[in-house]
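**Student:** First, the structure itself, so that you have it in front of you.
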4 protein chains.
Amino acid sequence: MTTIRIGIIGAGRIGKIHADNLLRLPGASLVAISDLFAGPELEQWAAERGIGRVTKSSEELIGHPHIDAVFICSSTDTHASLIKLAAQAGKHIFCEKPVSMDIALTEEAVEAAHRAGVKLQVGFNRRFDHNFRRVREHVQAGTVGEPHIVKITSRDPSPPPAEYVKVSGGIFMDMMIHDFDMARFLCGSEVVEVYAQGSVLIDPSFKEHGDIDTAMVTLRFANGALGVIDNSRQAVYGYDQRVEVFGSKGSVTVVNDHPNTAEVSTSEGIWRDKPLPFFLERYNAAYLEEARQFVDCLLRDKPPAVDGYDGLQAERIAAAAKLSFRLGRPVKLAEAIESAHAPDAIRHS
Amino acid sequence: MTTIRIGIIGAGRIGKIHADNLLRLPGASLVAISDLFAGPELEQWAAERGIGRVTKSSEELIGHPHIDAVFICSSTDTHASLIKLAAQAGKHIFCEKPVSMDIALTEEAVEAAHRAGVKLQVGFNRRFDHNFRRVREHVQAGTVGEPHIVKITSRDPSPPPAEYVKVSGGIFMDMMIHDFDMARFLCGSEVVEVYAQGSVLIDPSFKEHGDIDTAMVTLRFANGALGVIDNSRQAVYGYDQRVEVFGSKGSVTVVNDHPNTAEVSTSEGIWRDKPLPFFLERYNAAYLEEARQFVDCLLRDKPPAVDGYDGLQAERIAAAAKLSFRLGRPVKLAEAIESAHAPDAIRHS
Amino acid sequence: MTTIRIGIIGAGRIGKIHADNLLRLPGASLVAISDLFAGPELEQWAAERGIGRVTKSSEELIGHPHIDAVFICSSTDTHASLIKLAAQAGKHIFCEKPVSMDIALTEEAVEAAHRAGVKLQVGFNRRFDHNFRRVREHVQAGTVGEPHIVKITSRDPSPPPAEYVKVSGGIFMDMMIHDFDMARFLCGSEVVEVYAQGSVLIDPSFKEHGDIDTAMVTLRFANGALGVIDNSRQAVYGYDQRVEVFGSKGSVTVVNDHPNTAEVSTSEGIWRDKPLPFFLERYNAAYLEEARQFVDCLLRDKPPAVDGYDGLQAERIAAAAKLSFRLGRPVKLAEAIESAHAPDAIRHS
Amino acid sequence: MTTIRIGIIGAGRIGKIHADNLLRLPGASLVAISDLFAGPELEQWAAERGIGRVTKSSEELIGHPHIDAVFICSSTDTHASLIKLAAQAGKHIFCEKPVSMDIALTEEAVEAAHRAGVKLQVGFNRRFDHNFRRVREHVQAGTVGEPHIVKITSRDPSPPPAEYVKVSGGIFMDMMIHDFDMARFLCGSEVVEVYAQGSVLIDPSFKEHGDIDTAMVTLRFANGALGVIDNSRQAVYGYDQRVEVFGSKGSVTVVNDHPNTAEVSTSEGIWRDKPLPFFLERYNAAYLEEARQFVDCLLRDKPPAVDGYDGLQAERIAAAAKLSFRLGRPVKLAEAIESAHAPDAIRHS
């Protein structure tokens with residue numbers, strides 16, 4: 001193959017970001033987009049970009065003979081079944097995170113892609129961010145030696161709307177799942193145990209939806225390293241995305257990106273502008289890079305940079321965190337996996 | 001009183017630091033020093049500084065009629081009984097941390113000072129550090145709003161000798177106790193629950209002594225805020241002392257102090273010198289300031305900046321952390337206190 | 001007009017950058033490109049991008065009835081006559097810097113555009129950089145009060161090839177001209193006097209070409225403010241682009257952009273990666289933004305952000321610097337302008 | 001000698017700083033202080049410190065048989081003759097900067113000390129600052145290669161009182177003289193030419209006293225390197241003391257010291273406290289270190305770290321800057337020296 005012909009399923013915000021990135025990518029050809037609510041507006045949007053086909057049917061898109069790969073950008077509850085459908089049709093798959101909120105379902109979907117021999121990349125875009133990638137490089141290069149402590153700060157500038165919170169799957173599955181993946185990515189060792197704490201400190205409505213807005217989760221890795229992730233739904237100074245890996249030979253940290261380097265000194269003090277406001281600004285280049293690497297792994301027949309197993313493991317850690325928070329005690333990952341397969345496991349917990 | 005006449009008990013490293021600081025302080029007069037192993041060397045050291053009296057007996061020093069206050073800088077196992085002795089003698093007390101490794105003993109000592117109406121300041125020197133004090137000021141001034149998350153990083157440049165480790169009381173009581181006090185100081189709310197994790201990643205000999213060299217403890221505060229402290233016995237780049245308080249209106253962080261601001265740019269990259277190497281360099285000014293404030297609180301009859309209750313609470317949190325680590329589950333502070341008073345509580349656990 | 005139809009003259013590196021940016025810009029349509037050495041390679045390059053017309057003749061391109069505006073990206077010695085030609089043809093003009101190396105010629109070209117009523121924007125791309133723009137905003141907003149001191153550091157990572165140096169017009173006209181424009185832009189006041197110093201410290205071949213590789217120029221502004229610019233042809237740590245404006249109410253500085261925020265602490269020290277390597281990386285977004293604003297000023301019939309007068313003034317300062325360096329004394333801008341119009345002024349000095 | 005017995009001449013602010021530092025220094029014994037206006041207040045001040053002798057007569061102090069060395073901290077116009085007097089008496093000399101405002105006088109004084117075989121250290125305290133010393137070390141170690149560009153920023157937080165300005169000798173001799181010395185110290189090459197510019201932008205009263213409040217001076221060094229110094233009498237954000245040395249292998253910069261590292265992030269931006277307010281705070285440790293090294297050079301019979309020639313050269317550069325500013329053109333150092341010795345040289349210009 002010299003060009004990957006791609007269809008996008010789901011024309012929401014993230015589907016459109018992927019569309020615009022794919023249009024800029026050599027080696028990729030965006031040929032179709034589907035959306036349940038496709039109408040004149042989407043058709044015009046597609047026409048302006050020369051995307052030839054717009055449909056309401058994801059099945060039709062998946063089945064289209066001129067499509068090599070699909071980007072699954074629809075709502076989370078549709079991901080697992082769409083992966084299975086695409087796998088059966090022999091199409092390569094890029095799927096937004098999380099694959100599902102139900103470990104057993106995710107396992108089935110990942111397994112289906114594996115059996116069908118199609119590539120499956122999961123949308124953990126932060127792995128492609130220039131800052132975190134650099135940390136990973138340093139860890140892999142041994143710059144900081146054997147990792148001992150991993151610290152991740154991840155805070156949103158403001159809470160999502162209540163309707164979103166209701167169906168989000170909770171802070172661990174919706175927000176911290178990125179950080180669970182990041183922890184594995186940076187440490188290079190599997191998480192074996194989790195202890196989750198949380199509070200409602202920002203908006204009482206989180207409590208109504210059985211959720212929390214402030215969370216702190218500690219991790220134990222297989223290599224004995226310790227980790228901690230803190231999440232807040234509201235950092236008034238903007239999107240806060242920092243990490244540190246501390247090891248036997250030193251430490252590497254990354255701090256936030258800023259819109260400029262201007263520093264002002266006045267009689268009041270020294271100040272600068274707030275960090276980049278949110279994920280669209282901060283991870284702009286990372287979204288492009290993850291699409292580029294997905295297309296590249298198809299063109300060169302390489303394994304994807306973030307595969308189904310990565311998607312699955314992050315969900316398992318999130319499930320363990322949910323369980324830990326409910327039980328008020330540390331939970332081993334094995335216990336969470338077992339619990340997901342217990343006869344009385346609630347599929348849509 | 002216009003001058004506080006002071007005797008120091010214990011002429012080890014920390015006792016001598018306090019001596020040199022007291023000699024520089026207006027309002028303080030250092031009149032005597034005692035040490036179990038006092039000999040010609042200490043006598044000469046004292047003579048060079050004009051300290052009139054050197055003795056082997058702490059009792060004699062405490063009982064001396066020309067002494068208003070004592071600095072207890074002897075080994076930890078002597079602190080509690082010396083506090084009681086000094087209290088009975090009506091002498092004001094500065095006591096190095098921890099008061100003891102046994103909560104019940106510490107309670108008795110603190111109570112003894114209280115009953116005797118003498119002032120008792122505990123040596124949590126970091127509260128007087130310019131960086132942490134500034135964080136505290138910002139929290140108190142409401143700059144960051146209501147605290148939600150408190151993060152403390154505290155790492156030593158290299159492990160202490162094995163002989164020290166053996167009698168240190170363990171990482172929670174010996175090293176992290178500073179951070180437990182810092183957490184209360186910065187958050188302005190009491191710790192109610194603790195979960196402690198740890199690993200031996202630096203030196204296997206810690207295991208032999210029933211200790212760990214890498215620790216991570218999460219805290220829950222009475223106001224719902226969450227905290228985390230990480231400790232390592234070996235940060236190869238030097239003494240690492242950083243904190244962050246994140247709240248409803250923002251965040252305040254402090255990073256390490258450096259010996260200079262020189263930044264070098266070469267074809268290899270941009271680099272600067274490591275932070276100040278260890279506590280003597282970093283907390284040099286803080287030691288002077290804690291002595292100054294102790295003397296000042298006597299001169300003006302004010303409450304001490306860090307009192308017996310502060311010493312006691314830090315030890316209770318450390319005890320809870322020890323228990324949590326042993327049990328592998330979160331422990332409420334109340335449980336640790338109860339446990340300390342149980343009939344079978346091991347006094348010297 | 002709702003779409004500006006544009007032709008590019010000169011398909012070198014900078015012409016191609018502008019091409020790719022124009023292709024991404026809503027409101028712009030890139031319809032043709034001309035280059036003296038146009039051939040199959042350029043034709044394929046254009047075909048891949050859907051640029052309909054490739055020609056060797058800039059005259060043909062300028063005269064094309066379906067072209068509204070031209071980007072002059074050919075060699076500097078062709079700029080002035082192409083501006084006059086385009087102006088006569090009623091085409092709007094974006095011209096790379098400098099307009100020419102001869103003040104009188106530049107004056108004629110600027111005047112021709114003015115008489116023809118076409119817009120002329122000069123390619124001082126750094127004005128559109130996020131860092132410098134922020135400094136300008138602070139100065140205009142009065143954040144630093146009345147400017148007193150302007151400092152500009154501008155150093156290249158490595159010297160250009162000798163063939164380039166030979167025809168470059170010298171460091172003042174080729175390299176520092178950006179900084180002369182920046183000085184006016186940031187200070188908001190005209191330069192009235194210049195004193196230039198220089199040395200050959202990097203490569204003796206600069207001397208052979210009558211040039212220098214290290215330069216320092218001080219400026220006096222009409223408002224009494226003082227300025228200094230330093231240039232080096234070789235900063236081994238990368239492209240160095242920093243400024244400071246100091247005034248009655250404070251100071252604003254910008255430092256370099258870096259590829260990431262990773263900071264590594266080891267037993268050797270604290271270090272980070274070098275700044276972005278050169279202008280393509282550093283001013284990537286600025287090139288897009290200058291094209292966007294040029295198109296925007298045509299669409300909305302606004303004055304261009306950097307006009308012919310700006311181009312002319314920067315050249316006048318550069319000419320004054322050259323004269324100052326030759327005479328070894330400060331030179332007033334008026335003197336340099338006069339000198340350029342003297343009967344014996346050497347046109348191609 | 002195992003103890004240097006010292007007398008201080010001049011009990012103003014700087015004399016008292018030296019006194020308190022000498023009292024802390026092992027190897028030094030402060031035995032006397034003289035001041036034209038000595039009275040009960042100074043006597044009490046001296047008594048509190050155990051300084052045995054207070055006198056109005058500097059001659060008496062210099063002549064005292066139990067004094068090995070003198071600190072000359074009286075007004076500048078007395079320095080040169082006191083140096084000569086002390087030299088005749090065979091006393092070692094620490095003299096505050098500048099030695100005088102008249103090059104010929106300074107030459108005589110330096111020569112007198114030389115002939116008498118006594119050590120003479122000049123009070124360029126900034127050489128002993130941790131930041132600038134580190135820059136010097138990097139330059140000497142070759143970290144940045146051969147120096148090409150030296151940049152010094154030196155700004156006071158607020159102008160001195162008008163009475164001081166009147167007798168200060170002007171900004172070049174009073175304030176920038178520190179920076180002239182710093183330039184030589186950092187570059188390791190002699191200044192050969194100077195061009196000085198200045199403005200009155202802060203307070204018109206500077207003009208009345210024939211002075212300026214904002215100055216920029218460029219330097220040419222013997223090795224071809226270029227330098228620039230900017231001074232302002234009023235940086236509203238505090239004492240601003242930064243330098244950069246750029247060379248063939250890289251660059252080293254130092255920025256200001258701050259009272260703490262606290263960084264606050266709010267919805268308004270990111271800010272920190274202003275730098276240390278003025279020289280007493282910033283150069284506190286440097287004053288102690290220069291006294292220590294002076295005492296040390298006497299104890300070990302080594303050359304002083306900053307000698308009479310250093311004092312002389314800084315004054316010559318200042319004189320060249322004054323001349324350059326008056327003539328409006330660059331001035332060679334040789335020209336300024338010659339001019340100082342011209343028959344019509346005004347001794348107290």
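Ordering of the structure tokens sets the chain letters (A, B, ...), residue numbers begin anew at 1 in every chain, and ligands are numbered from 1 in the order given.
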Hey, what's within 12 Å of Glu41 in chain B if we count only C-alpha atoms and toss same-chain stuff fewer than 5 positions away? As a list in words, please?

**Tutor:**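 Selected residues are Ala11, Asp35, Ala46, Ala47, Glu48 and Val54 of chain B.
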
**Student:** Taking only C-alpha atoms into account, what are the residues of chain A at most 6 Å from chain D, put as a PyMOL selection string?

**Tutor:** chain A and resi 236-237+265-267+269-274

**Student:** Let me see the file: selected residues, N, CA, C and O atoms, as a tab-separated table (two decimals), in the first residue's frame.

**Tutor:**
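Output file part-v9.tsv follows:
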```tsv
chain	number	residue	atom	x	y	z
A	236	VAL	N	-7.96	26.47	38.12
A	236	VAL	CA	-8.40	27.76	37.57
A	236	VAL	C	-7.35	28.43	36.70
A	236	VAL	O	-7.66	29.33	35.93
A	237	TYR	N	-6.10	28.02	36.83
A	237	TYR	CA	-5.02	28.60	36.03
A	237	TYR	C	-4.84	27.88	34.71
A	237	TYR	O	-3.94	28.21	33.93
A	265	SER	N	8.22	41.99	34.82
A	265	SER	CA	8.64	42.38	36.17
A	265	SER	C	8.11	43.77	36.47
A	265	SER	O	8.43	44.72	35.75
A	266	THR	N	7.29	43.88	37.49
A	266	THR	CA	6.80	45.21	37.88
A	266	THR	C	6.96	45.37	39.38
A	266	THR	O	7.49	44.48	40.05
A	267	SER	N	6.49	46.48	39.89
A	267	SER	CA	6.60	46.70	41.33
A	267	SER	C	5.76	45.69	42.11
A	267	SER	O	5.92	45.54	43.32
A	269	GLY	N	5.60	42.32	41.29
A	269	GLY	CA	6.20	40.98	41.27
A	269	GLY	C	6.56	40.60	39.85
A	269	GLY	O	6.57	41.44	38.94
A	270	ILE	N	6.86	39.33	39.67
A	270	ILE	CA	7.27	38.80	38.38
A	270	ILE	C	6.17	37.87	37.89
A	270	ILE	O	5.79	36.96	38.63
A	271	TRP	N	5.67	38.07	36.71
A	271	TRP	CA	4.59	37.16	36.28
A	271	TRP	C	4.64	36.84	34.79
A	271	TRP	O	5.28	37.51	34.01
A	272	ARG	N	3.95	35.76	34.45
A	272	ARG	CA	3.85	35.34	33.05
A	272	ARG	C	2.43	34.82	32.78
A	272	ARG	O	1.65	34.62	33.70
A	273	ASP	N	2.15	34.60	31.52
A	273	ASP	CA	0.82	34.12	31.15
A	273	ASP	C	0.60	32.68	31.60
A	273	ASP	O	1.53	31.90	31.75
A	274	LYS	N	-0.66	32.33	31.77
A	274	LYS	CA	-1.05	30.97	32.16
A	274	LYS	C	-0.65	29.96	31.09
A	274	LYS	O	-0.40	30.31	29.95
```

**Student:** Pairing every Cα of chain D with chain B in order, what RMSD remains after the least-squares superposition?

**Tutor:**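 Root-mean-square deviation of the C-alpha atoms: 0.0 Å.
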
**Student:** Neighbouring residues of range 89-103 of chain D were defined as those with any atom within 9 Å, considering only C-alpha atoms; residues of the same chain fewer than 6 positions away were excluded. Please report them as an MDAnalysis selection string.

**Tutor:** chainID D and resid 14 62:63 67:74 76:80 83 109:110 113 116:124 169 173:174 177:178 291 294 298 308 311:312 314:316 319 337 340:341 346:349

**Student:** Using only C-alpha atoms, which residues sit within 9 Å of range 214-228 of chain A once same-chain residues fewer than 4 positions away are excluded, as a PyMOL selection string?

**Tutor:** (chain A and resi 146-153+171-172+176+183-184+187+189-202+232-234+247+321+330) or (chain B and resi 148-149+197-201+214-218+225-228)

**Student:** Quick one: DSSP strand (DSSP E) residues in range 103-192 of chain B, as a list in words?

**Tutor:**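 In range 103-192 of chain B, DSSP puts these residues in strand (DSSP E): Leu120, Gln121, Val122, Pro147, His148, Ile149, Val150, Lys151, Ile152, Thr153, Ser154, Arg155, Val191 and Val192 of chain B.
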
**Student:** Give the alpha helix (DSSP H) residues of range 40-133 of chain D, as DSSP finds them on the backbone, and put them as a PyMOL selection string.

**Tutor:** chain D and resi 40-48+58-63+76-88+103-116+130-133

**Student:** So that I can see what lies close to Val295 in chain A, please list as a PDB file with C-alpha atoms, in the first residue's frame the residues with an atom at most 10 Å from it, counting only C-alpha atoms and leaving out residues fewer than 2 positions away in the same chain.

**Tutor:**
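Writing the result to out_39.pdb gives the following:
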```pdb
ATOM      1  CA  THR A   3      -1.947   5.258   0.470  1.00  0.00           C
ATOM      2  CA  ILE A   4      -4.234   4.265   3.306  1.00  0.00           C
ATOM      3  CA  ARG A   5      -7.866   4.971   2.519  1.00  0.00           C
ATOM      4  CA  ILE A   6      -9.637   5.925   5.687  1.00  0.00           C
ATOM      5  CA  LEU A  22      -5.652  13.016   8.093  1.00  0.00           C
ATOM      6  CA  LEU A  25      -1.030  13.560   6.100  1.00  0.00           C
ATOM      7  CA  PRO A  26       0.912  12.230   3.118  1.00  0.00           C
ATOM      8  CA  GLY A  27       0.064   8.531   2.684  1.00  0.00           C
ATOM      9  CA  ALA A  28      -3.469   8.941   4.001  1.00  0.00           C
ATOM     10  CA  SER A  29      -6.645   9.540   2.044  1.00  0.00           C
ATOM     11  CA  ALA A  69      -8.964   1.561   7.884  1.00  0.00           C
ATOM     12  CA  HIS A  92      -7.537  -1.705  10.431  1.00  0.00           C
ATOM     13  CA  PHE A  94      -7.933   3.399  15.255  1.00  0.00           C
ATOM     14  CA  GLU A 289       1.470  12.658  15.369  1.00  0.00           C
ATOM     15  CA  GLU A 290      -0.703   9.764  16.574  1.00  0.00           C
ATOM     16  CA  ALA A 291      -2.554   9.760  13.230  1.00  0.00           C
ATOM     17  CA  ARG A 292       0.741   9.914  11.380  1.00  0.00           C
ATOM     18  CA  GLN A 293       2.137   6.974  13.305  1.00  0.00           C
ATOM     19  CA  CYS A 297       2.331   1.463  10.953  1.00  0.00           C
ATOM     20  CA  LEU A 298      -0.117   0.393   8.234  1.00  0.00           C
ATOM     21  CA  LEU A 299       2.152   1.534   5.410  1.00  0.00           C
ATOM     22  CA  ARG A 300       5.160  -0.276   6.856  1.00  0.00           C
ATOM     23  CA  ASP A 301       3.270  -3.139   8.460  1.00  0.00           C
ATOM     24  CA  PRO A 304       0.942   0.184  16.359  1.00  0.00           C
TER      25      PRO A 304
END
```

**Student:** Contacts of Ile51 in chain D at 10 Å or less, counting only C-alpha atoms, minus same-chain residues fewer than 6 places along, as a list in words?

**Tutor:**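 Contacts, with the query itself left out: Gly7, Ala19, Leu23, Ser29, Leu30, Val31, Ala32, Ile33, Glu43, Gln44 and Trp45 of chain D.
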
**Student:** Record the distance separating CA of Phe128 in chain D and CA of Ser34 in chain D, expressed in Å with one decimal.

**Tutor:**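 Rounded to one decimal, the two atoms are 26.2 Å apart.
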
**Student:** Could you check how far CA of Ala305 in chain B sits from CA of Phe185 in chain B, in Å to one decimal?

**Tutor:**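 According to the coordinates, CA of Ala305 in chain B and CA of Phe185 in chain B are separated by 10.7 Å.
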
**Student:** Between CA of His209 in chain D and CA of Lys166 in chain D, measure the distance and give it in Å to one decimal.

**Tutor:**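 Value for the CA of His209 in chain D-CA of Lys166 in chain D distance: 5.7 Å.
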